[in-house]
file run-v6.txt (compact mmCIF, C-alpha atoms)
# COMPACT_ATOMS: atom_id res chain seq x y z
CA MET D 1 57.03 -49.92 5.14
CA LEU D 2 60.81 -50.56 4.97
CA LEU D 3 60.47 -54.38 5.04
CA PRO D 4 59.62 -54.95 1.33
CA PRO D 5 62.61 -52.93 0.03
CA LEU D 6 64.94 -54.72 2.46
CA LEU D 7 63.59 -58.09 1.34
CA ARG D 8 64.18 -57.13 -2.32
CA LEU D 9 67.81 -56.14 -1.53
CA ALA D 10 68.30 -59.36 0.42
CA ALA D 11 66.90 -61.35 -2.49
CA LEU D 12 69.24 -59.54 -4.91
CA ALA D 13 72.22 -60.26 -2.64
CA ALA D 14 71.22 -63.94 -2.45
CA ILE D 15 70.99 -64.16 -6.25
CA GLY D 16 74.44 -62.55 -6.53
CA GLY D 17 75.83 -65.06 -3.99
CA VAL D 18 74.45 -68.04 -5.93
CA ILE D 19 75.85 -66.71 -9.22
CA GLY D 20 79.23 -66.05 -7.57
CA PHE D 21 79.35 -69.61 -6.15
CA PHE D 22 78.78 -71.19 -9.55
CA LEU D 23 80.20 -68.62 -12.02
CA GLY D 24 82.63 -66.58 -10.02
CA ALA D 25 82.79 -63.06 -8.56
CA ALA D 26 82.65 -61.02 -11.79
CA PRO D 27 79.33 -62.40 -13.08
CA ALA D 28 77.86 -62.04 -9.57
CA LEU D 29 78.93 -58.38 -9.40
CA TRP D 30 77.40 -57.65 -12.80
CA ALA D 31 74.16 -59.33 -11.77
CA VAL D 32 73.93 -57.20 -8.62
CA VAL D 33 74.72 -54.00 -10.57
CA ILE D 34 72.09 -54.77 -13.20
CA GLY D 35 69.54 -55.55 -10.48
CA LEU D 36 70.25 -52.36 -8.59
CA SER D 37 70.11 -50.36 -11.84
CA ALA D 38 66.69 -51.85 -12.60
CA LEU D 39 65.38 -50.99 -9.14
CA LEU D 40 66.82 -47.45 -9.47
CA ALA D 41 65.17 -47.01 -12.87
CA ILE D 42 61.84 -48.14 -11.45
CA HIS D 43 62.12 -45.69 -8.52
CA MET D 44 63.19 -42.86 -10.83
CA THR D 45 60.19 -43.52 -13.06
CA TYR D 46 57.79 -43.38 -10.13
CA ALA D 47 59.51 -40.29 -8.73
CA MET D 48 59.04 -38.52 -12.07
CA ARG D 49 55.39 -39.56 -12.14
CA LEU D 50 54.98 -38.23 -8.60
CA ALA D 51 56.65 -34.93 -9.51
CA ALA D 52 54.40 -34.52 -12.56
CA TRP D 53 51.29 -35.28 -10.51
CA LEU D 54 52.25 -32.84 -7.75
CA GLU D 55 52.20 -29.97 -10.28
CA LYS D 56 48.47 -30.56 -10.82
CA PRO D 57 47.27 -32.88 -8.07
CA LYS D 58 43.95 -34.44 -9.06
CA LEU D 59 42.41 -37.63 -7.77
CA ASP D 60 41.50 -38.78 -11.28
CA ASP D 61 45.16 -38.52 -12.41
CA MET D 62 46.72 -40.31 -9.43
CA PRO D 63 49.39 -42.76 -10.83
CA ASN D 64 49.50 -46.44 -9.87
CA GLY D 65 52.58 -47.76 -8.12
CA TRP D 66 54.44 -50.99 -7.43
CA GLY D 67 55.87 -52.07 -4.15
CA LEU D 68 56.86 -49.18 -1.93
CA TRP D 69 55.36 -46.70 -4.43
CA SER D 70 51.96 -48.38 -4.24
CA ASP D 71 51.88 -47.59 -0.54
CA VAL D 72 53.09 -44.01 -1.16
CA PHE D 73 50.46 -43.36 -3.84
CA THR D 74 47.71 -44.90 -1.70
CA ARG D 75 48.55 -42.59 1.19
CA LEU D 76 48.77 -39.58 -1.12
CA TYR D 77 45.39 -40.49 -2.61
CA ARG D 78 43.77 -40.60 0.82
CA GLN D 79 45.39 -37.34 1.84
CA ARG D 80 44.38 -35.62 -1.40
CA ARG D 81 40.80 -36.86 -1.06
CA LYS D 82 40.66 -35.45 2.47
CA THR D 83 42.17 -32.16 1.29
CA GLU D 84 39.64 -31.81 -1.53
CA ALA D 85 36.80 -32.55 0.88
CA ASN D 86 38.10 -29.82 3.20
CA GLU D 87 38.43 -27.42 0.26
CA ARG D 88 34.84 -28.13 -0.78
CA ARG D 89 33.65 -27.46 2.74
CA LEU D 90 35.62 -24.22 2.85
CA VAL D 91 34.17 -23.12 -0.50
CA GLU D 92 30.65 -24.04 0.64
CA ASN D 93 31.13 -22.16 3.92
CA GLU D 94 32.47 -19.14 2.07
CA GLU D 95 29.55 -19.20 -0.37
CA ARG D 96 27.10 -19.56 2.51
CA PHE D 97 28.79 -16.66 4.27
CA ARG D 98 28.60 -14.50 1.14
CA ARG D 99 24.92 -15.39 0.62
CA THR D 100 24.22 -14.54 4.25
CA ILE D 101 26.01 -11.20 4.00
CA SER D 102 24.28 -10.47 0.70
CA ALA D 103 20.88 -11.07 2.30
CA LEU D 104 21.45 -8.50 5.06
CA PRO D 105 19.46 -5.25 4.83
CA GLU D 106 22.67 -3.31 5.51
CA GLY D 107 25.40 -2.70 2.97
CA ILE D 108 28.71 -4.49 3.66
CA VAL D 109 32.03 -3.50 2.07
CA LEU D 110 35.36 -5.21 2.80
CA ILE D 111 38.34 -2.91 2.22
CA ASP D 112 42.08 -3.16 2.78
CA ALA D 113 44.45 -0.65 4.39
CA ALA D 114 44.56 1.37 1.13
CA LEU D 115 40.73 1.65 1.10
CA GLN D 116 40.58 -0.68 -1.92
CA ILE D 117 37.45 -2.79 -2.34
CA ASP D 118 37.89 -6.51 -1.64
CA TRP D 119 34.20 -7.40 -1.72
CA CYS D 120 30.76 -5.87 -1.20
CA ASN D 121 27.17 -7.05 -1.15
CA PRO D 122 24.38 -5.84 -3.49
CA VAL D 123 22.94 -3.48 -0.88
CA ALA D 124 26.28 -1.66 -0.61
CA GLU D 125 26.43 -1.44 -4.41
CA GLU D 126 23.03 0.27 -4.37
CA HIS D 127 23.88 2.57 -1.46
CA LEU D 128 27.29 3.73 -2.68
CA GLY D 129 26.79 3.44 -6.43
CA VAL D 130 29.62 0.92 -6.99
CA ARG D 131 29.81 -2.43 -8.83
CA LEU D 132 31.85 -5.30 -7.48
CA SER D 133 32.43 -6.80 -10.91
CA ALA D 134 33.94 -3.58 -12.25
CA ASP D 135 35.28 -1.84 -9.14
CA GLN D 136 36.94 -4.63 -7.17
CA GLY D 137 40.46 -3.57 -6.25
CA LEU D 138 39.75 0.15 -6.78
CA ARG D 139 39.99 2.76 -4.04
CA LEU D 140 36.55 3.39 -2.57
CA THR D 141 37.08 7.12 -2.04
CA ASN D 142 37.82 7.46 -5.76
CA LEU D 143 34.39 6.03 -6.53
CA VAL D 144 32.30 7.78 -3.86
CA ARG D 145 33.22 11.43 -4.32
CA ASP D 146 31.13 12.95 -1.52
CA PRO D 147 33.39 15.26 0.56
CA ASP D 148 31.85 14.19 3.89
CA PHE D 149 32.42 10.52 3.07
CA ILE D 150 35.99 11.07 1.88
CA ASN D 151 36.90 13.10 4.98
CA TYR D 152 35.40 10.45 7.25
CA MET D 153 37.16 7.51 5.56
CA THR D 154 40.53 9.23 5.49
CA SER D 155 40.33 10.60 9.03
CA GLY D 156 40.85 7.24 10.72
CA HIS D 157 38.45 8.22 13.53
CA PHE D 158 35.48 5.88 13.45
CA GLU D 159 34.17 6.14 17.01
CA ALA D 160 30.94 7.78 15.82
CA PRO D 161 29.00 6.87 12.67
CA LEU D 162 28.77 9.19 9.68
CA VAL D 163 25.39 10.36 8.42
CA PHE D 164 25.50 11.72 4.89
CA ARG D 165 23.36 12.06 1.79
CA PRO D 166 25.03 10.77 -1.38
CA LEU D 167 25.18 13.44 -4.06
CA ALA D 168 24.34 10.89 -6.75
CA GLN D 169 21.14 9.69 -5.01
CA ALA D 170 18.79 12.50 -4.13
CA GLY D 171 16.62 11.88 -1.10
CA LEU D 172 18.72 9.02 0.30
CA ALA D 173 20.21 9.31 3.79
CA LEU D 174 22.91 6.82 4.85
CA GLU D 175 24.53 5.96 8.15
CA VAL D 176 28.08 4.65 7.73
CA ARG D 177 30.09 2.72 10.32
CA VAL D 178 33.64 1.33 9.98
CA VAL D 179 34.75 -1.75 11.95
CA ASP D 180 38.37 -2.93 12.00
CA PHE D 181 38.55 -6.73 12.04
CA GLU D 182 42.17 -7.31 10.93
CA PRO D 183 45.30 -5.13 11.12
CA ALA D 184 45.03 -4.27 7.43
CA ARG D 185 41.32 -4.85 6.73
CA SER D 186 38.08 -3.14 7.69
CA ILE D 187 34.35 -3.60 7.23
CA ILE D 188 32.18 -0.68 6.13
CA ILE D 189 28.52 -1.01 7.14
CA THR D 190 25.99 1.24 5.40
CA ARG D 191 22.39 1.58 6.55
CA ASP D 192 19.52 3.36 4.84
CA ILE D 193 18.07 5.74 7.44
CA THR D 194 15.92 7.74 5.02
CA GLN D 195 12.69 6.57 6.64
CA ARG D 196 14.06 7.18 10.13
CA GLU D 197 15.09 10.71 9.15
CA ARG D 198 11.67 11.27 7.62
CA VAL D 199 9.92 10.01 10.76
CA ASP D 200 12.11 12.24 12.93
CA ALA D 201 11.26 15.20 10.72
CA VAL D 202 7.55 14.39 10.94
CA ARG D 203 7.85 14.07 14.72
CA ARG D 204 9.61 17.43 14.99
CA ASP D 205 7.05 19.07 12.72
CA PHE D 206 4.24 17.45 14.68
CA ILE D 207 5.53 18.75 18.02
CA ALA D 208 6.10 22.20 16.53
CA ASN D 209 2.61 22.27 14.98
CA VAL D 210 0.86 21.06 18.14
CA SER D 211 2.75 23.62 20.18
CA HIS D 212 1.78 26.36 17.74
CA GLU D 213 -1.86 25.26 17.58
CA LEU D 214 -2.16 25.23 21.37
CA ARG D 215 -0.13 28.39 21.95
CA THR D 216 -2.55 30.65 20.07
CA PRO D 217 -5.72 29.83 22.04
CA LEU D 218 -3.79 29.67 25.30
CA THR D 219 -2.40 33.14 24.59
CA VAL D 220 -5.90 34.44 23.90
CA VAL D 221 -7.35 32.87 27.05
CA SER D 222 -4.44 34.06 29.17
CA GLY D 223 -4.67 37.60 27.79
CA PHE D 224 -8.39 37.90 28.39
CA LEU D 225 -8.03 36.52 31.91
CA GLU D 226 -5.50 39.23 32.65
CA THR D 227 -7.86 41.78 31.14
CA LEU D 228 -10.74 40.55 33.26
CA LEU D 229 -8.63 40.67 36.38
CA ASP D 230 -7.68 44.28 35.66
CA ALA D 231 -11.11 45.36 34.36
CA ARG D 232 -13.26 47.80 36.22
CA PRO D 233 -16.43 46.46 37.82
CA GLY D 234 -19.68 47.08 36.03
CA ASP D 235 -18.51 46.65 32.41
CA GLU D 236 -20.69 43.58 31.89
CA ALA D 237 -20.75 43.74 28.06
CA THR D 238 -16.95 43.64 27.78
CA ARG D 239 -16.74 40.92 30.39
CA ARG D 240 -19.27 38.76 28.54
CA ARG D 241 -17.51 39.27 25.21
CA HIS D 242 -14.21 38.21 26.72
CA LEU D 243 -15.78 35.12 28.27
CA GLU D 244 -17.32 34.16 24.92
CA LEU D 245 -13.96 34.45 23.19
CA MET D 246 -12.27 32.37 25.88
CA HIS D 247 -14.98 29.74 25.58
CA GLU D 248 -14.47 29.67 21.81
CA GLN D 249 -10.72 29.18 22.19
CA ALA D 250 -11.24 26.51 24.85
CA GLN D 251 -13.52 24.64 22.44
CA ARG D 252 -10.86 24.92 19.77
CA MET D 253 -8.30 23.35 22.10
CA SER D 254 -10.79 20.66 23.03
CA ARG D 255 -11.40 19.81 19.35
CA LEU D 256 -7.66 19.67 18.75
CA VAL D 257 -7.07 17.31 21.68
CA GLU D 258 -10.03 15.14 20.63
CA ASP D 259 -8.72 14.86 17.06
CA LEU D 260 -5.22 14.04 18.34
CA LEU D 261 -6.63 11.25 20.52
CA THR D 262 -8.72 9.92 17.61
CA LEU D 263 -5.72 9.89 15.29
CA SER D 264 -3.58 8.22 17.96
CA ARG D 265 -6.18 5.49 18.47
CA LEU D 266 -6.42 4.85 14.74
CA GLU D 267 -2.64 4.58 14.35
CA SER D 268 -2.11 2.36 17.38
CA ARG D 269 -4.82 -0.20 16.62
CA GLU D 270 -3.21 -3.46 15.55
CA SER D 271 -6.41 -5.51 15.51
CA ALA D 272 -8.57 -5.89 12.43
CA VAL D 273 -11.44 -3.51 11.77
CA GLN D 274 -14.62 -4.43 13.59
CA ASP D 275 -16.63 -6.62 11.23
CA GLU D 276 -20.13 -5.22 11.54
CA VAL D 277 -22.79 -4.50 8.95
CA VAL D 278 -23.03 -0.74 8.43
CA ASP D 279 -26.18 0.79 6.94
CA VAL D 280 -24.52 3.34 4.66
CA SER D 281 -27.81 4.97 3.66
CA GLN D 282 -28.65 5.76 7.27
CA LEU D 283 -25.08 6.90 7.94
CA VAL D 284 -25.07 9.30 4.98
CA ARG D 285 -28.42 10.78 6.05
CA GLU D 286 -27.06 11.34 9.57
CA VAL D 287 -24.01 13.08 8.18
CA GLY D 288 -26.34 15.16 5.98
CA ASP D 289 -28.32 16.29 9.03
CA GLU D 290 -25.04 17.22 10.71
CA ALA D 291 -24.02 19.21 7.62
CA ARG D 292 -27.27 21.20 7.70
CA ALA D 293 -26.83 21.94 11.40
CA LEU D 294 -23.21 23.01 10.89
CA SER D 295 -24.13 25.15 7.87
CA ASN D 296 -26.99 26.83 9.77
CA GLY D 297 -28.76 27.69 6.53
CA ARG D 298 -25.73 29.22 4.80
CA HIS D 299 -25.52 26.47 2.16
CA ARG D 300 -27.75 24.23 0.11
CA VAL D 301 -27.16 20.63 1.28
CA GLU D 302 -28.40 17.73 -0.85
CA VAL D 303 -28.19 14.06 0.10
CA GLU D 304 -28.34 11.06 -2.26
CA ALA D 305 -28.41 7.90 -0.14
CA PRO D 306 -29.73 4.78 -1.89
CA PRO D 307 -29.94 1.56 0.18
CA ALA D 308 -26.41 0.18 0.72
CA PHE D 309 -24.46 -1.83 3.28
CA VAL D 310 -20.76 -2.39 3.95
CA ARG D 311 -18.68 -4.36 6.44
CA GLY D 312 -16.54 -2.30 8.77
CA SER D 313 -16.55 -0.06 11.82
CA ARG D 314 -19.55 2.27 11.90
CA ASP D 315 -17.90 4.66 14.37
CA GLU D 316 -14.74 4.98 12.27
CA LEU D 317 -16.66 5.49 9.01
CA ARG D 318 -18.90 8.01 10.79
CA SER D 319 -15.78 9.94 11.84
CA ALA D 320 -14.30 9.87 8.32
CA PHE D 321 -17.53 10.91 6.56
CA GLY D 322 -18.13 13.64 9.13
CA ASN D 323 -14.68 15.14 8.63
CA LEU D 324 -15.18 15.28 4.86
CA VAL D 325 -18.50 17.05 5.32
CA SER D 326 -17.19 19.57 7.89
CA ASN D 327 -14.30 20.43 5.53
CA ALA D 328 -16.76 21.12 2.72
CA ILE D 329 -18.83 23.40 4.97
CA ARG D 330 -15.79 25.37 6.10
CA TYR D 331 -14.37 25.93 2.62
CA THR D 332 -17.59 26.72 0.76
CA SER D 333 -18.78 30.30 0.68
CA GLU D 334 -22.24 31.25 1.86
CA GLY D 335 -24.87 30.41 -0.75
CA GLY D 336 -22.86 27.52 -2.19
CA GLN D 337 -24.06 23.97 -2.63
CA ILE D 338 -22.81 20.78 -0.99
CA THR D 339 -23.91 17.37 -2.26
CA LEU D 340 -23.44 14.14 -0.31
CA ARG D 341 -23.95 10.93 -2.25
CA TRP D 342 -23.27 7.23 -2.04
CA ARG D 343 -22.88 5.25 -5.20
CA GLU D 344 -21.22 2.12 -6.48
CA ARG D 345 -18.99 2.34 -9.54
CA ASP D 346 -16.54 -0.15 -11.03
CA GLY D 347 -17.32 -2.57 -8.20
CA GLU D 348 -16.34 -0.06 -5.49
CA GLY D 349 -18.43 1.91 -3.04
CA ARG D 350 -17.88 5.69 -2.98
CA PHE D 351 -19.05 8.26 -0.47
CA GLU D 352 -18.66 11.55 -2.34
CA VAL D 353 -18.76 15.07 -0.92
CA GLU D 354 -19.04 17.59 -3.74
CA ASP D 355 -18.93 21.31 -3.03
CA THR D 356 -18.85 24.58 -4.95
CA GLY D 357 -16.17 26.02 -2.71
CA ILE D 358 -12.88 27.77 -3.33
CA GLY D 359 -11.13 24.72 -4.80
CA ILE D 360 -7.58 23.46 -4.28
CA ALA D 361 -4.53 24.04 -6.46
CA PRO D 362 -2.95 20.86 -7.92
CA GLU D 363 0.34 21.29 -6.02
CA HIS D 364 -1.50 20.89 -2.71
CA LEU D 365 -3.45 17.71 -3.49
CA SER D 366 -0.69 15.22 -2.64
CA ARG D 367 -0.17 16.72 0.84
CA LEU D 368 -3.77 17.19 1.98
CA THR D 369 -3.72 14.18 4.35
CA GLU D 370 -0.57 15.30 6.17
CA ARG D 371 -1.12 16.33 9.78
CA PHE D 372 -1.68 20.07 10.19
CA TYR D 373 -1.23 20.71 6.48
CA ARG D 374 -3.45 23.57 5.41
CA VAL D 375 -3.94 25.08 1.97
CA ASP D 376 -5.10 28.35 3.54
CA LYS D 377 -3.88 28.47 7.14
CA SER D 378 -5.64 31.66 8.16
CA ARG D 379 -9.00 30.55 6.74
CA SER D 380 -8.74 27.11 8.35
CA ARG D 381 -8.12 28.56 11.81
CA GLU D 382 -10.89 31.14 11.38
CA THR D 383 -13.39 28.37 10.60
CA GLY D 384 -12.28 26.18 13.51
CA GLY D 385 -10.27 23.55 11.66
CA THR D 386 -7.63 21.58 13.54
CA GLY D 387 -5.64 20.46 10.50
CA LEU D 388 -6.11 16.77 11.41
CA GLY D 389 -9.43 15.94 9.73
CA LEU D 390 -8.09 14.52 6.46
CA ALA D 391 -5.33 12.65 8.31
CA ILE D 392 -8.08 10.91 10.28
CA VAL D 393 -9.97 10.18 7.05
CA LYS D 394 -6.85 8.62 5.51
CA HIS D 395 -6.21 6.30 8.46
CA VAL D 396 -9.85 5.20 8.67
CA LEU D 397 -9.88 4.33 4.97
CA LEU D 398 -6.54 2.51 5.23
CA ARG D 399 -8.01 0.37 8.03
CA HIS D 400 -10.91 -0.43 5.68
CA ASP D 401 -8.55 -1.22 2.76
CA GLY D 402 -9.86 1.85 0.99
CA ARG D 403 -8.48 5.17 -0.24
CA LEU D 404 -9.26 8.85 -0.57
CA ASP D 405 -9.68 10.36 -4.06
CA VAL D 406 -9.67 14.13 -4.51
CA ALA D 407 -10.67 16.11 -7.60
CA SER D 408 -10.61 19.89 -7.44
CA GLU D 409 -10.39 23.03 -9.52
CA ILE D 410 -9.64 26.52 -8.28
CA GLY D 411 -12.81 28.61 -8.08
CA LYS D 412 -15.12 25.74 -9.05
CA GLY D 413 -15.07 23.46 -6.02
CA SER D 414 -13.88 20.04 -4.98
CA THR D 415 -15.06 16.44 -4.76
CA PHE D 416 -13.69 14.23 -1.98
CA SER D 417 -14.42 10.51 -2.41
CA ALA D 418 -14.01 7.92 0.35
CA VAL D 419 -13.60 4.69 -1.65
CA ILE D 420 -14.54 1.34 -0.07
CA PRO D 421 -13.26 -1.80 -1.87
CA ALA D 422 -15.59 -4.38 -3.41
CA GLU D 423 -14.83 -7.07 -0.81
CA ARG D 424 -16.42 -4.90 1.89
CA LEU D 425 -19.65 -4.23 0.00
CA ILE D 426 -22.80 -6.14 0.89
CA THR D 427 -25.61 -6.29 -1.64
CA VAL D 428 -29.05 -5.27 -0.45
CA VAL D 429 -30.40 -8.72 -1.42
CA ASP D 430 -27.75 -10.52 0.64
CA HIS D 431 -28.46 -8.28 3.63
CA GLY D 432 -32.19 -8.93 3.35
CA LEU D 433 -31.63 -12.69 3.27
CA ALA D 434 -29.31 -12.46 6.27
CA GLN D 435 -31.94 -10.57 8.28
CA ALA D 436 -34.62 -13.03 7.30
CA ALA D 437 -32.48 -15.96 8.40
call {"tool": "encode", "arguments": {"input": "run-v6.txt", "output": "structure tokens"}}
result
Amino acid sequence: MLLPPLLRLAALAAIGGVIGFFLGAAPALWAVVIGLSALLAIHMTYAMRLAAWLEKPKLDDMPNGWGLWSDVFTRLYRQRRKTEANERRLVENEERFRRTISALPEGIVLIDAALQIDWCNPVAEEHLGVRLSADQGLRLTNLVRDPDFINYMTSGHFEAPLVFRPLAQAGLALEVRVVDFEPARSIIITRDITQRERVDAVRRDFIANVSHELRTPLTVVSGFLETLLDARPGDEATRRRHLELMHEQAQRMSRLVEDLLTLSRLESRESAVQDEVVDVSQLVREVGDEARALSNGRHRVEVEAPPAFVRGSRDELRSAFGNLVSNAIRYTSEGGQITLRWRERDGEGRFEVEDTGIGIAPEHLSRLTERFYRVDKSRSRETGGTGLGLAIVKHVLLRHDGRLDVASEIGKGSTFSAVIPAERLITVVDHGLAQAA
């Protein structure tokens, strides 16, 4: 790299020597001075160009050079091209990282030592009610004004997560964790645990309800057993009455356990519904006979069962239809009427149970399929209900892609409709052709 400049200086010295030999020392000195001045001017020009380029280094604006400067600019060009390639890779990696973080189901917030927001993903914006575009650089605790959150963030103790419910978002439950990843920076991770909290609440209620449902008959049975043990011999009428009551309570516990097992089986089945052809007309007539037996003449039971067929599980549909009918019997006063009908409307199949019972208030309709939910708890227990019948109906219909519709009016009765979608209906003609084939 130093050879070309040395050659130019040697050439200039040789020219000065030749001029001095022929014209004397003074002209030779001036020639050398002029030559050096020209070289200095050239280098100064290129140095200024380099300084100007370094202020805004771009490959497109790279100056061209001569001699030594050509080599300098060539090396700078290569270095700048490599630097820009590295910068592009860094930007791409950062964008990929941000897209990855943004796609996470958890909220991510990057904060500094002063709790100011550096960056956050959309999930965190939704959870905490902040906006990156407007709130970047602001103190997070000034934006999220929940006392529990503020105390947690300012405490500096992050060994355990914080569970809190934002005041601005009713019904939302968040779990917040703080992870230190640099001396002056931290990551806040927010997770929506609303569903988990709801499931835990349902589980607690379920255990409490089952315990309560079993405690009552067990108390009755236990009490009568003690009475029988202490009873005087010869009181056969009292003894028989006590045994009948114990048998009744034992049956109640048996029904409860059976319904719990049925509901558990329905919820745990991951396979598709058994694809069999179900004769709905025959099924509705069977359920009608069961209704008459259960009513024991206390109600008028009518059945409308035109020929119809669906695809599904006969046992599951039998369970669902039977639960709807038994509910109608229990909540319809003596002398009332219960009508069971199958009909197709708007392309859907509907098994309807219409009664002239006590009816249901509108505020109860949305909760009827919850486990152990009762509109009238005392009446339901008196009539032998377990509180799980409509929950079973809901799960059976969900497995058949259907739904449960309820229409009711206080004092005038109710209509429960098990709706089967069009894709599960089989026309009578198609079924006849299939049997003939």
call {"tool": "residues_around", "arguments": {"input": "run-v6.txt", "residues": "region 414-416 of chain D", "least_positions_apart": "2", "cutoff": "8 Å", "atoms": "all atoms listed in the file", "output": "PyMOL selection string"}}
result
chain D and resi 324+352-360+404-409+412+418
call {"tool": "closest_residue", "arguments": {"input": "run-v6.txt", "among": "D:Val280, D:Leu398, D:Val221, D:Leu365", "to": "Gln249 (chain D)", "atoms": "only C-alpha atoms"}}
result
D:Val221
call {"tool": "residues_around", "arguments": {"input": "run-v6.txt", "residues": "region 260-265 of chain D", "least_positions_apart": "6", "cutoff": "10 Å", "atoms": "only C-alpha atoms", "output": "ChimeraX atom specification"}}
result
/D:210,254,316,319,371,386,388-389,391-396
call {"tool": "closest_residue", "arguments": {"input": "run-v6.txt", "among": "D:Val163, D:Leu172, D:Ala10, D:Ile193", "to": "Pro105 (chain D)", "atoms": "all atoms listed in the file"}}
result
D:Ile193
call {"tool": "atom_distance", "arguments": {"input": "run-v6.txt", "atom1": "CA of Gln274 (chain D)", "atom2": "CA of Gly312 (chain D)"}}
result
5.6 Å
call {"tool": "residues_around", "arguments": {"input": "run-v6.txt", "residues": "His157 (chain D)", "least_positions_apart": "6", "cutoff": "12 Å", "atoms": "all atoms listed in the file", "output": "list in words"}}
result
Asn151, Arg177, Val178, Val179 and Asp180 of chain D
call {"tool": "residues_around", "arguments": {"input": "run-v6.txt", "residues": "Gly288 (chain D)", "least_positions_apart": "5", "cutoff": "8 Å", "atoms": "all atoms listed in the file", "output": "ChimeraX atom specification"}}
result
/D:301-303,340
call {"tool": "atom_distance", "arguments": {"input": "run-v6.txt", "atom1": "CA of Ser186 (chain D)", "atom2": "CA of Leu110 (chain D)"}}
result
6.0 Å
call {"tool": "residues_around", "arguments": {"input": "run-v6.txt", "residues": "region 125-138 of chain D", "least_positions_apart": "6", "cutoff": "10 Å", "atoms": "all atoms listed in the file", "output": "PDB file with C-alpha atoms, keeping the file's coordinate frame"}}
result
ATOM      1  CA  GLU D 106      22.670  -3.310   5.510  1.00  0.00           C
ATOM      2  CA  GLY D 107      25.400  -2.700   2.970  1.00  0.00           C
ATOM      3  CA  ILE D 108      28.710  -4.490   3.660  1.00  0.00           C
ATOM      4  CA  VAL D 109      32.030  -3.500   2.070  1.00  0.00           C
ATOM      5  CA  ILE D 111      38.340  -2.910   2.220  1.00  0.00           C
ATOM      6  CA  ASP D 112      42.080  -3.160   2.780  1.00  0.00           C
ATOM      7  CA  ALA D 114      44.560   1.370   1.130  1.00  0.00           C
ATOM      8  CA  LEU D 115      40.730   1.650   1.100  1.00  0.00           C
ATOM      9  CA  GLN D 116      40.580  -0.680  -1.920  1.00  0.00           C
ATOM     10  CA  ILE D 117      37.450  -2.790  -2.340  1.00  0.00           C
ATOM     11  CA  ASP D 118      37.890  -6.510  -1.640  1.00  0.00           C
ATOM     12  CA  TRP D 119      34.200  -7.400  -1.720  1.00  0.00           C
ATOM     13  CA  VAL D 144      32.300   7.780  -3.860  1.00  0.00           C
ATOM     14  CA  ARG D 145      33.220  11.430  -4.320  1.00  0.00           C
ATOM     15  CA  PRO D 166      25.030  10.770  -1.380  1.00  0.00           C
ATOM     16  CA  ALA D 168      24.340  10.890  -6.750  1.00  0.00           C
ATOM     17  CA  GLN D 169      21.140   9.690  -5.010  1.00  0.00           C
ATOM     18  CA  LEU D 172      18.720   9.020   0.300  1.00  0.00           C
ATOM     19  CA  ALA D 173      20.210   9.310   3.790  1.00  0.00           C
ATOM     20  CA  LEU D 174      22.910   6.820   4.850  1.00  0.00           C
ATOM     21  CA  THR D 190      25.990   1.240   5.400  1.00  0.00           C
ATOM     22  CA  ARG D 191      22.390   1.580   6.550  1.00  0.00           C
ATOM     23  CA  ASP D 192      19.520   3.360   4.840  1.00  0.00           C
TER      24      ASP D 192
END
call {"tool": "atom_distance", "arguments": {"input": "run-v6.txt", "atom1": "CA of Leu294 (chain D)", "atom2": "CA of Val419 (chain D)"}}
result
24.2 Å
call {"tool": "closest_residue", "arguments": {"input": "run-v6.txt", "among": "D:Ala113, D:Ala85, D:Leu283, D:Val277", "to": "Glu182 (chain D)", "atoms": "all atoms listed in the file"}}
result
D:Ala113
call {"tool": "residues_near_point", "arguments": {"input": "run-v6.txt", "point": "(27.8, 13.6, 5.4)", "cutoff": "8 Å", "atoms": "all atoms listed in the file", "output": "list of chain:residue names"}}
result
D:Asp146, D:Pro147, D:Asp148, D:Phe149, D:Leu162, D:Val163, D:Phe164, D:Arg165, D:Pro166
call {"tool": "closest_residue", "arguments": {"input": "run-v6.txt", "among": "D:Pro217, D:Ala308, D:Gly387, D:Ile410", "to": "Pro362 (chain D)", "atoms": "all atoms listed in the file"}}
result
D:Ile410
call {"tool": "closest_residue", "arguments": {"input": "run-v6.txt", "among": "D:Arg139, D:Arg241, D:His299, D:Arg96", "to": "Thr227 (chain D)", "atoms": "all atoms listed in the file"}}
result
D:Arg241
call {"tool": "closest_residue", "arguments": {"input": "run-v6.txt", "among": "D:Ile188, D:Leu90, D:Leu245, D:Ile42", "to": "Cys120 (chain D)", "atoms": "only C-alpha atoms"}}
result
D:Ile188
call {"tool": "build_atoms", "arguments": {"input": "run-v6.txt", "residues": "region 251-255 of chain D", "atoms": "N, CA and C atoms", "output": "mmCIF file, keeping the file's coordinate frame"}}
result
data_model
loop_
_atom_site.group_PDB
_atom_site.id
_atom_site.type_symbol
_atom_site.label_atom_id
_atom_site.label_comp_id
_atom_site.auth_asym_id
_atom_site.auth_seq_id
_atom_site.Cartn_x
_atom_site.Cartn_y
_atom_site.Cartn_z
ATOM 1 N N GLN D 251 -12.926 25.662 23.311
ATOM 2 C CA GLN D 251 -13.520 24.640 22.440
ATOM 3 C C GLN D 251 -12.557 24.239 21.334
ATOM 4 N N ARG D 252 -11.851 25.230 20.820
ATOM 5 C CA ARG D 252 -10.860 24.920 19.770
ATOM 6 C C ARG D 252 -9.791 23.984 20.292
ATOM 7 N N MET D 253 -9.288 24.251 21.508
ATOM 8 C CA MET D 253 -8.300 23.350 22.100
ATOM 9 C C MET D 253 -8.895 21.972 22.348
ATOM 10 N N SER D 254 -10.134 21.941 22.776
ATOM 11 C CA SER D 254 -10.790 20.660 23.030
ATOM 12 C C SER D 254 -10.914 19.840 21.747
ATOM 13 N N ARG D 255 -11.297 20.517 20.638
ATOM 14 C CA ARG D 255 -11.400 19.810 19.350
ATOM 15 C C ARG D 255 -10.040 19.278 18.915
#
